[in-house]
>>> print(open('target.cif').read())   # mmCIF, C-alpha atoms and all ligand atoms
data_protein
loop_
_atom_site.label_atom_id
_atom_site.label_comp_id
_atom_site.auth_asym_id
_atom_site.auth_seq_id
_atom_site.Cartn_x
_atom_site.Cartn_y
_atom_site.Cartn_z
CA MET U 1 112.59 129.09 120.67
CA SER U 2 114.88 126.21 121.62
CA SER U 3 117.72 125.31 119.29
CA GLU U 4 115.99 122.00 118.65
CA ASN U 5 112.82 123.74 117.52
CA GLN U 6 114.85 126.19 115.49
CA ALA U 7 116.53 123.35 113.66
CA THR U 8 113.15 121.82 112.92
CA THR U 9 111.78 125.10 111.64
CA ASP U 10 114.81 125.71 109.44
CA ALA U 11 114.82 122.26 107.92
CA PRO U 12 114.08 122.33 104.21
CA PRO U 13 110.52 121.28 103.43
CA LEU U 14 109.99 117.84 102.03
CA THR U 15 109.94 118.38 98.32
CA GLU U 16 106.90 117.34 96.40
CA GLU U 17 109.15 116.40 93.53
CA ILE U 18 110.19 113.18 95.23
CA ALA U 19 107.42 110.82 94.27
CA PRO U 20 107.18 107.54 96.14
CA GLY U 21 108.65 104.63 94.28
CA THR U 22 111.46 106.43 92.54
CA ALA U 23 115.04 105.43 93.13
CA THR U 24 116.18 107.43 96.11
CA ASP U 25 118.07 104.59 97.71
CA PRO U 26 121.45 105.34 99.26
CA PRO U 27 124.43 103.68 97.59
CA VAL U 28 125.04 100.29 99.16
CA ARG U 29 127.50 98.71 96.79
CA SER U 30 131.18 98.08 97.47
CA GLU U 31 133.67 100.60 96.16
CA GLU U 32 136.47 98.08 95.51
CA SER U 33 136.88 94.44 94.59
CA VAL U 34 136.60 92.23 97.63
CA THR U 35 137.04 88.53 98.28
CA VAL U 36 134.36 86.79 100.32
CA THR U 37 133.58 83.16 101.07
CA VAL U 38 130.17 81.77 100.15
CA ASP U 39 129.32 78.32 101.54
CA GLY U 40 133.04 77.57 101.77
CA THR U 41 133.97 78.84 98.30
CA ALA U 42 136.10 81.97 98.02
CA VAL U 43 135.03 84.38 95.32
CA THR U 44 136.30 87.82 94.32
CA ILE U 45 133.61 90.20 93.23
CA PRO U 46 134.18 93.50 91.41
CA PRO U 47 133.44 97.02 92.62
CA GLU U 48 129.79 98.05 92.62
CA SER U 49 128.77 94.64 93.95
CA THR U 50 126.48 93.53 96.74
CA LEU U 51 126.37 90.15 98.45
CA ILE U 52 123.96 88.80 95.87
CA ASP U 53 126.70 89.06 93.23
CA ALA U 54 128.90 86.78 95.34
CA VAL U 55 126.02 84.38 95.97
CA GLU U 56 125.23 84.21 92.26
CA ALA U 57 128.90 83.62 91.42
CA VAL U 58 129.10 80.28 93.24
CA ASP U 59 127.11 77.09 93.31
CA THR U 60 125.39 77.70 96.62
CA GLU U 61 124.10 75.11 99.07
CA GLU U 62 120.58 76.48 98.80
CA SER U 63 118.79 78.56 96.22
CA VAL U 64 118.42 82.25 97.04
CA PRO U 65 115.42 83.63 95.14
CA ALA U 66 116.01 87.43 95.32
CA LEU U 67 112.63 88.35 93.82
CA CYS U 68 112.85 92.13 93.95
CA HIS U 69 116.42 92.17 92.69
CA TYR U 70 116.84 92.84 88.98
CA GLY U 71 120.61 93.15 88.72
CA ARG U 72 120.75 95.02 85.47
CA GLU U 73 120.42 98.66 84.46
CA GLU U 74 119.85 101.18 87.22
CA ILE U 75 117.13 99.14 88.85
CA GLY U 76 117.32 98.39 92.57
CA PRO U 77 118.31 97.10 94.97
CA ARG U 78 115.13 97.94 96.83
CA SER U 79 115.28 95.37 99.60
CA GLU U 80 111.52 94.91 99.51
CA CYS U 81 110.83 91.19 99.47
CA ARG U 82 113.54 89.78 101.73
CA THR U 83 113.59 86.47 99.89
CA CYS U 84 117.35 86.81 99.51
CA MET U 85 118.38 86.54 103.19
CA VAL U 86 121.79 85.02 103.90
CA GLU U 87 123.84 84.72 107.06
CA THR U 88 127.11 86.58 107.46
CA ASP U 89 129.69 86.09 110.16
CA ALA U 90 129.94 89.80 110.89
CA HIS U 91 126.35 91.02 110.65
CA GLY U 92 124.06 88.03 111.09
CA VAL U 93 121.18 87.49 108.67
CA VAL U 94 121.03 90.22 106.02
CA PRO U 95 119.37 90.78 102.62
CA ALA U 96 121.99 89.76 100.07
CA CYS U 97 120.67 92.02 97.31
CA SER U 98 121.38 95.21 99.18
CA PHE U 99 124.21 94.42 101.58
CA PRO U 100 127.71 95.61 100.70
CA PRO U 101 130.42 92.94 100.83
CA GLU U 102 133.44 93.33 103.11
CA GLU U 103 136.87 91.82 102.64
CA ASP U 104 137.08 88.25 104.03
CA MET U 105 133.40 88.18 104.90
CA THR U 106 131.94 84.70 105.32
CA ILE U 107 128.46 84.10 103.91
CA ARG U 108 126.27 81.05 104.39
CA THR U 109 123.12 80.37 102.42
CA ASP U 110 122.35 77.16 104.33
CA ALA U 111 122.35 78.60 107.87
CA ASP U 112 119.04 77.72 109.52
CA ALA U 113 118.09 81.30 110.35
CA ALA U 114 118.71 82.50 106.79
CA SER U 115 116.93 79.56 105.20
CA GLU U 116 113.91 80.00 107.48
CA ALA U 117 113.83 83.75 106.81
CA ARG U 118 113.79 83.15 103.04
CA ASP U 119 111.01 80.58 103.38
CA VAL U 120 108.84 82.79 105.60
CA ASN U 121 109.33 85.80 103.35
CA LEU U 122 108.53 83.84 100.21
CA ASP U 123 105.33 82.61 101.86
CA LEU U 124 104.49 86.20 102.75
CA VAL U 125 104.92 87.21 99.11
CA LEU U 126 102.77 84.28 98.00
CA SER U 127 100.09 85.17 100.55
CA ASP U 128 99.33 88.34 98.62
CA HIS U 129 99.46 86.78 95.19
CA ASN U 130 96.88 85.36 92.84
CA LEU U 131 98.29 81.88 92.42
CA ARG U 132 96.08 80.93 89.49
CA CYS U 133 99.03 80.08 87.34
CA THR U 134 97.03 78.08 84.81
CA THR U 135 95.35 81.25 83.58
CA CYS U 136 98.48 83.40 83.66
CA GLY U 137 100.39 84.46 80.56
CA LYS U 138 103.67 84.18 82.46
CA ASN U 139 103.08 80.56 83.44
CA GLY U 140 106.39 78.77 82.99
CA ARG U 141 108.45 81.94 82.75
CA CYS U 142 107.62 83.60 86.06
CA GLU U 143 110.30 84.30 88.65
CA LEU U 144 107.87 83.86 91.55
CA GLN U 145 106.77 80.50 90.21
CA ASP U 146 110.41 79.48 89.77
CA ALA U 147 111.20 80.52 93.33
CA ALA U 148 108.23 78.62 94.75
CA ILE U 149 109.26 75.49 92.85
CA GLU U 150 112.93 75.80 93.86
CA GLN U 151 111.99 76.36 97.50
CA GLU U 152 109.64 73.37 97.29
CA VAL U 153 106.64 75.33 98.48
CA GLU U 154 103.67 72.99 98.74
CA GLU U 155 101.23 75.20 100.57
CA PRO U 156 102.10 78.77 101.54
CA ARG U 157 101.74 78.95 105.32
CA TYR U 158 99.83 82.24 105.18
CA GLY U 159 97.44 81.23 102.41
CA VAL U 160 97.06 83.03 99.10
CA LEU U 161 95.18 86.10 97.89
CA ASP U 162 91.94 84.14 97.57
CA ASP U 163 91.99 83.62 101.32
CA ARG U 164 92.94 87.14 102.21
CA GLY U 165 91.30 89.82 100.15
CA GLU U 166 89.27 90.98 97.23
CA TYR U 167 90.56 90.92 93.71
CA GLU U 168 91.46 94.16 92.00
CA PRO U 169 89.99 94.54 88.53
CA LEU U 170 92.24 93.63 85.63
CA ASP U 171 93.41 96.77 83.81
CA ASP U 172 93.00 95.71 80.20
CA SER U 173 92.48 99.27 78.96
CA SER U 174 95.80 99.78 77.18
CA SER U 175 96.35 98.27 73.77
CA PHE U 176 99.91 97.42 74.72
CA ILE U 177 100.29 96.61 78.41
CA GLN U 178 97.95 94.68 80.68
CA ILE U 179 98.07 95.13 84.46
CA ASP U 180 96.88 92.42 86.82
CA ARG U 181 97.58 93.86 90.25
CA ASN U 182 96.50 90.59 91.85
CA LYS U 183 99.82 89.17 90.75
CA CYS U 184 101.94 92.16 91.77
CA ILE U 185 104.56 91.49 94.45
CA LEU U 186 105.36 95.20 94.89
CA CYS U 187 108.97 94.70 93.91
CA ASN U 188 109.17 98.19 92.42
CA ARG U 189 111.12 97.11 89.34
CA CYS U 190 108.56 98.55 86.94
CA VAL U 191 108.51 101.89 88.73
CA GLU U 192 112.26 102.24 88.48
CA ALA U 193 112.32 101.04 84.87
CA CYS U 194 109.71 103.63 83.92
CA ASN U 195 111.05 106.52 85.99
CA ASP U 196 114.78 106.01 86.20
CA VAL U 197 115.71 104.08 83.06
CA GLN U 198 113.02 105.02 80.55
CA VAL U 199 112.56 108.45 82.19
CA GLU U 200 108.87 108.51 81.40
CA GLY U 201 107.67 109.06 84.98
CA VAL U 202 104.40 107.24 84.49
CA LEU U 203 104.31 104.70 87.31
CA ARG U 204 104.49 104.98 91.08
CA MET U 205 103.79 103.01 94.19
CA GLU U 206 100.71 104.36 95.93
CA GLY U 207 98.78 103.64 99.09
CA SER U 208 100.11 101.97 102.19
CA GLY U 209 99.92 98.71 104.05
CA LYS U 210 97.68 96.16 102.40
CA ASP U 211 96.40 98.86 100.03
CA THR U 212 99.82 99.49 98.48
CA ARG U 213 99.58 99.16 94.71
CA ILE U 214 101.09 100.14 91.41
CA GLY U 215 99.52 103.39 90.27
CA PHE U 216 100.16 106.36 88.03
CA GLN U 217 101.98 109.60 88.80
CA SER U 218 99.19 111.45 87.00
CA ASP U 219 96.50 109.95 89.30
CA ALA U 220 95.00 108.26 86.22
CA GLU U 221 92.77 105.30 87.02
CA THR U 222 93.79 103.16 84.06
CA MET U 223 96.85 102.51 81.95
CA ASP U 224 95.10 103.92 78.93
CA ASP U 225 94.37 107.19 80.71
CA SER U 226 97.94 107.49 81.97
CA ALA U 227 100.80 109.17 80.13
CA CYS U 228 102.26 105.77 79.20
CA VAL U 229 104.10 105.74 75.88
CA SER U 230 103.84 101.96 75.58
CA CYS U 231 107.57 101.35 75.50
CA GLY U 232 107.09 98.08 77.36
CA HIS U 233 110.06 98.47 79.67
CA CYS U 234 107.96 97.89 82.78
CA ALA U 235 106.63 94.61 81.40
CA THR U 236 110.15 93.51 80.50
CA VAL U 237 111.38 93.76 84.08
CA CYS U 238 108.24 92.51 85.87
CA PRO U 239 109.05 89.17 87.53
CA THR U 240 105.44 87.97 87.55
CA GLY U 241 102.39 88.11 85.32
CA SER U 242 101.38 91.46 86.75
CA LEU U 243 102.58 93.55 83.81
CA VAL U 244 102.40 91.74 80.50
CA GLU U 245 102.62 92.97 76.94
CA LYS U 246 99.35 92.63 75.09
CA GLY U 247 99.38 89.91 72.51
CA ILE U 248 101.18 87.50 74.81
CA GLU U 249 99.00 87.96 77.90
CA ASP U 250 97.50 84.53 77.30
CA ALA U 251 100.60 82.98 75.74
CA THR U 252 101.13 80.30 78.37
CA THR U 253 97.72 79.80 79.90
CA LEU U 254 96.60 76.22 80.21
CA PRO U 255 93.17 75.77 78.68
CA LEU U 256 90.56 74.95 81.29
CA PRO U 257 87.06 74.89 79.82
CA GLY U 258 85.18 78.05 80.73
CA PHE U 259 87.91 79.48 82.89
CA THR U 260 90.09 82.41 81.86
CA GLN U 261 92.26 84.99 83.51
CA LYS U 262 89.51 87.57 83.14
CA ASN U 263 86.69 85.59 84.66
CA SER U 264 88.95 84.36 87.44
CA ILE U 265 89.16 87.95 88.61
CA GLY U 266 85.61 88.98 87.87
CA LYS U 267 86.08 92.63 86.91
CA VAL U 268 87.95 94.04 83.98
CA HIS U 269 88.68 97.62 83.12
CA GLU U 270 88.55 97.70 79.33
CA SER U 271 88.93 100.38 76.70
CA SER U 272 86.56 100.79 73.81
CA GLY U 273 89.36 99.43 71.63
CA SER U 274 89.99 102.51 69.52
CA SER U 275 93.73 102.80 70.25
CA THR U 276 95.78 102.37 67.08
CA GLY U 277 99.40 102.46 66.04
CA PRO U 278 102.56 101.18 67.67
CA MET U 279 102.53 103.69 70.48
CA THR U 280 99.78 105.22 72.55
CA PRO U 281 99.80 108.94 71.69
CA LYS U 282 100.30 111.25 74.61
CA LYS U 283 96.90 112.51 75.57
CA HIS U 284 97.83 116.18 75.40
CA ASP U 285 99.03 115.71 71.82
CA LYS U 286 95.61 114.64 70.67
CA GLU U 287 93.62 117.10 68.63
CA PRO U 288 89.93 116.76 67.99
CA THR U 289 89.32 115.75 64.40
CA SER U 290 86.28 116.08 62.26
CA ASP U 291 85.65 112.38 62.97
CA THR U 292 85.90 112.87 66.70
CA PRO U 293 82.94 114.34 68.51
CA PRO U 294 84.06 117.03 70.99
CA SER U 295 82.47 115.11 73.82
CA GLU U 296 84.87 112.23 73.16
CA ALA U 297 87.88 114.35 72.33
CA SER U 298 87.88 116.10 75.70
CA THR U 299 85.97 114.02 78.16
CA SER U 300 88.16 114.43 81.22
CA ASP U 301 88.75 117.51 83.30
CA ASP U 302 92.34 117.80 82.25
CA GLU U 303 93.73 116.37 79.06
CA GLY U 304 91.01 114.22 77.68
CA THR U 305 90.95 110.82 76.06
CA ASP U 306 89.41 109.47 72.91
CA GLU U 307 88.43 106.24 74.56
CA THR U 308 85.61 105.29 76.82
CA ASP U 309 86.60 102.88 79.53
CA VAL U 310 84.02 100.54 80.84
CA TRP U 311 83.89 98.29 83.86
CA THR U 312 82.69 94.84 83.10
CA ASP U 313 81.56 92.34 85.67
CA ASP U 314 81.98 88.78 84.60
CA ALA U 315 79.20 86.42 85.49
CA ASN U 316 81.63 83.89 86.90
CA SER U 317 83.30 86.44 89.12
CA GLY U 318 86.12 84.75 90.87
CA GLU U 319 84.57 81.29 91.10
CA TRP U 320 87.01 78.47 90.53
CA PRO U 321 85.13 75.90 88.42
S1 LIG U 401 105.24 101.05 78.98
FE1 LIG U 401 104.44 102.95 79.92
S2 LIG U 401 104.38 102.53 82.12
FE2 LIG U 401 105.72 100.95 81.16
S3 LIG U 401 107.82 101.79 81.31
FE3 LIG U 401 107.04 102.41 79.32
S4 LIG U 401 106.09 104.44 79.69
FE4 LIG U 401 106.38 103.50 81.69
S1 LIG U 402 103.90 95.22 88.50
FE1 LIG U 402 105.55 93.66 88.35
S2 LIG U 402 107.45 94.88 88.32
FE2 LIG U 402 105.84 96.24 89.06
S3 LIG U 402 105.93 96.08 91.31
FE3 LIG U 402 104.39 94.58 90.60
S4 LIG U 402 105.51 92.65 90.36
FE4 LIG U 402 107.06 94.30 90.47
S1 LIG U 403 115.80 90.47 96.50
FE1 LIG U 403 116.67 91.14 98.33
S2 LIG U 403 115.05 91.97 99.44
FE2 LIG U 403 114.14 91.31 97.56
#
>>> encode(input="target.cif", output="structure tokens", more="lines below")
Ligand code: SF4
Ligand code: SF4
Ligand code: FES
Amino acid sequence: MSSENQATTDAPPLTEEIAPGTATDPPVRSEESVTVTVDGTAVTIPPESTLIDAVEAVDTEESVPALCHYGREEIGPRSECRTCMVETDAHGVVPACSFPPEEDMTIRTDADAASEARDVNLDLVLSDHNLRCTTCGKNGRCELQDAAIEQEVEEPRYGVLDDRGEYEPLDDSSSFIQIDRNKCILCNRCVEACNDVQVEGVLRMEGSGKDTRIGFQSDAETMDDSACVSCGHCATVCPTGSLVEKGIEDATTLPLPGFTQKNSIGKVHESSGSSTGPMTPKKHDKEPTSDTPPSEASTSDDEGTDETDVWTDDANSGEWP
């Protein structure tokens, strides 16, 4: 056996414990304070910074959206969306959220290549998004909407989700969190909030390519069947209307007669509505009671659920009135 093959054979197996979507990023932040120049303004940024901290510290020539950057807690940077591109003298156009600053580095937000990269990447994000903002509970407080307005997007050059693919059903099964994957920009914030901050390990990224989506570590189909404890952290960090706390999912919709978020999508995954209390009990903690027929108390192969989820097709499926 060649030494090369030997090395391959001896390599440790990929561990199944590393689930996709958890924070396994290498450290990219600076170790010391550094002074950089952003659009002609010198700024000193503290240790543990990336270029986005310098960009956010000055009044830049152009807005830099940074949609998958959260900037608080142990979330990111993931470098997924590339809407934060800036030009540096030393390394060309780089993602500001995840690039470590260097002493005396010069950064430009208004360089043509960086500006064009941000615009193209924002249009790519929009191309996979349900842009029906009038029926969205995050209308007016959505980071993607803010970015599109700031970047003066009039018509995304690659179209929108309507032009590109089928809608995923709305997951309305949980009493506490609603998931509309048609608005998800795959920023990964929710996955990190759930796994790495809240340490609940409920969410994951699953699939690949155009089929990439937010899913559940337990392979559950719906939020209600997952091990979610309804803490709401994922909804807090979501930049769009993809994860929204129930009760405010329609808070900022604009009333259009006969047109709602649900019928704009066409299919809704709903629970029977029997969840109670401030927190969804963990499924394995549930005991059958005298009120609960055994067939309902242990319906699934593994841990069971006391709720029956139903798929509903709306008559107006996806038709814009
Ligand atoms: S609400 Fe559920 S899915 Fe969201 S962070 Fe909390 S445990 Fe995770
Ligand atoms: S659900 Fe929200 S936070 Fe999670 S990946 Fe999608 S857009 Fe990001
Ligand atoms: S914010 Fe930098 S890549 Fe998304």
>>> atom_distance(input="target.cif", atom1="CA of Asp219 in chain U", atom2="CA of Lys138 in chain U")
27.6 Å
>>> atom_distance(input="target.cif", atom1="CA of Ser174 in chain U", atom2="CA of Glu192 in chain U")
20.1 Å
>>> closest_residue(input="target.cif", among="U:Ser49, U:Ser242, U:Asn188, U:Ser79", to="Leu144 in chain U", atoms="all atoms listed in the file")
U:Ser242
>>> closest_residue(input="target.cif", among="U:Ile52, U:Ile214, U:Val202, U:Val93", to="ligand LIG 402 (chain U)", atoms="only C-alpha atoms and all ligand atoms")
U:Ile214
>>> closest_residue(input="target.cif", among="U:Val268, U:Val197, U:Asp211, U:Thr37", to="ligand LIG 401 (chain U)", atoms="only C-alpha atoms and all ligand atoms")
U:Val197
>>> residues_near_ligand(input="target.cif", ligand="ligand LIG 403 (chain U)", cutoff="6 Å", atoms="only C-alpha atoms and all ligand atoms", output="ChimeraX atom specification")
/U:66-69,79-84,95-97
>>> closest_residue(input="target.cif", among="U:Ile177, U:Ala193, U:Ala220, U:Leu131", to="Glu245 in chain U", atoms="all atoms listed in the file")
U:Ile177
>>> atom_distance(input="target.cif", atom1="CA of Thr222 in chain U", atom2="CA of Glu74 in chain U")
26.3 Å
>>> residues_near_ligand(input="target.cif", ligand="ligand LIG 402 (chain U)", cutoff="8 Å", atoms="all atoms listed in the file", output="mmCIF file with C-alpha atoms, in the frame of the given file")
data_model
loop_
_atom_site.group_PDB
_atom_site.id
_atom_site.type_symbol
_atom_site.label_atom_id
_atom_site.label_comp_id
_atom_site.auth_asym_id
_atom_site.auth_seq_id
_atom_site.Cartn_x
_atom_site.Cartn_y
_atom_site.Cartn_z
ATOM 1 C CA CYS U 68 112.850 92.130 93.950
ATOM 2 C CA ILE U 179 98.070 95.130 84.460
ATOM 3 C CA ASP U 180 96.880 92.420 86.820
ATOM 4 C CA ARG U 181 97.580 93.860 90.250
ATOM 5 C CA LYS U 183 99.820 89.170 90.750
ATOM 6 C CA CYS U 184 101.940 92.160 91.770
ATOM 7 C CA ILE U 185 104.560 91.490 94.450
ATOM 8 C CA LEU U 186 105.360 95.200 94.890
ATOM 9 C CA CYS U 187 108.970 94.700 93.910
ATOM 10 C CA ASN U 188 109.170 98.190 92.420
ATOM 11 C CA ARG U 189 111.120 97.110 89.340
ATOM 12 C CA CYS U 190 108.560 98.550 86.940
ATOM 13 C CA VAL U 191 108.510 101.890 88.730
ATOM 14 C CA MET U 205 103.790 103.010 94.190
ATOM 15 C CA ARG U 213 99.580 99.160 94.710
ATOM 16 C CA ILE U 214 101.090 100.140 91.410
ATOM 17 C CA CYS U 234 107.960 97.890 82.780
ATOM 18 C CA ALA U 235 106.630 94.610 81.400
ATOM 19 C CA VAL U 237 111.380 93.760 84.080
ATOM 20 C CA CYS U 238 108.240 92.510 85.870
ATOM 21 C CA PRO U 239 109.050 89.170 87.530
ATOM 22 C CA THR U 240 105.440 87.970 87.550
ATOM 23 C CA GLY U 241 102.390 88.110 85.320
ATOM 24 C CA SER U 242 101.380 91.460 86.750
ATOM 25 C CA LEU U 243 102.580 93.550 83.810
#
>>> residues_near_ligand(input="target.cif", ligand="ligand LIG 401 (chain U)", cutoff="6 Å", atoms="all atoms listed in the file", output="PyMOL selection string")
chain U and resi 193-194+200+202-203+228-234
>>> closest_residue(input="target.cif", among="U:Leu170, U:Ala148, U:Val160, U:Val38", to="Ala111 in chain U", atoms="only C-alpha atoms")
U:Val38
>>> residues_around(input="target.cif", residues="Asp39 in chain U", least_positions_apart="3", cutoff="9 Å", atoms="only C-alpha atoms", output="ChimeraX atom specification")
/U:42,55,58-61,106-110
>>> closest_residue(input="target.cif", among="U:Lys246, U:Ser33, U:Gly92, U:Asp128", to="Asp112 in chain U", atoms="all atoms listed in the file")
U:Gly92
>>> residues_near_point(input="target.cif", point="(92.4, 92.7, 79.0)", cutoff="8 Å", atoms="all atoms listed in the file", output="count of residues only")
10
>>> residues_around(input="target.cif", residues="Ala251 in chain U", least_positions_apart="2", cutoff="9 Å", atoms="all atoms listed in the file", output="PyMOL selection string")
chain U and resi 136-139+247-249+253
>>> residues_near_point(input="target.cif", point="(113.7, 76.8, 96.7)", cutoff="10 Å", atoms="only C-alpha atoms", output="list in words")
Glu62, Ser63, Val64, Pro65, Ser115, Arg118, Asp119, Leu122, Asp146, Ala147, Ala148, Ile149, Glu150, Gln151, Glu152 and Val153 of chain U
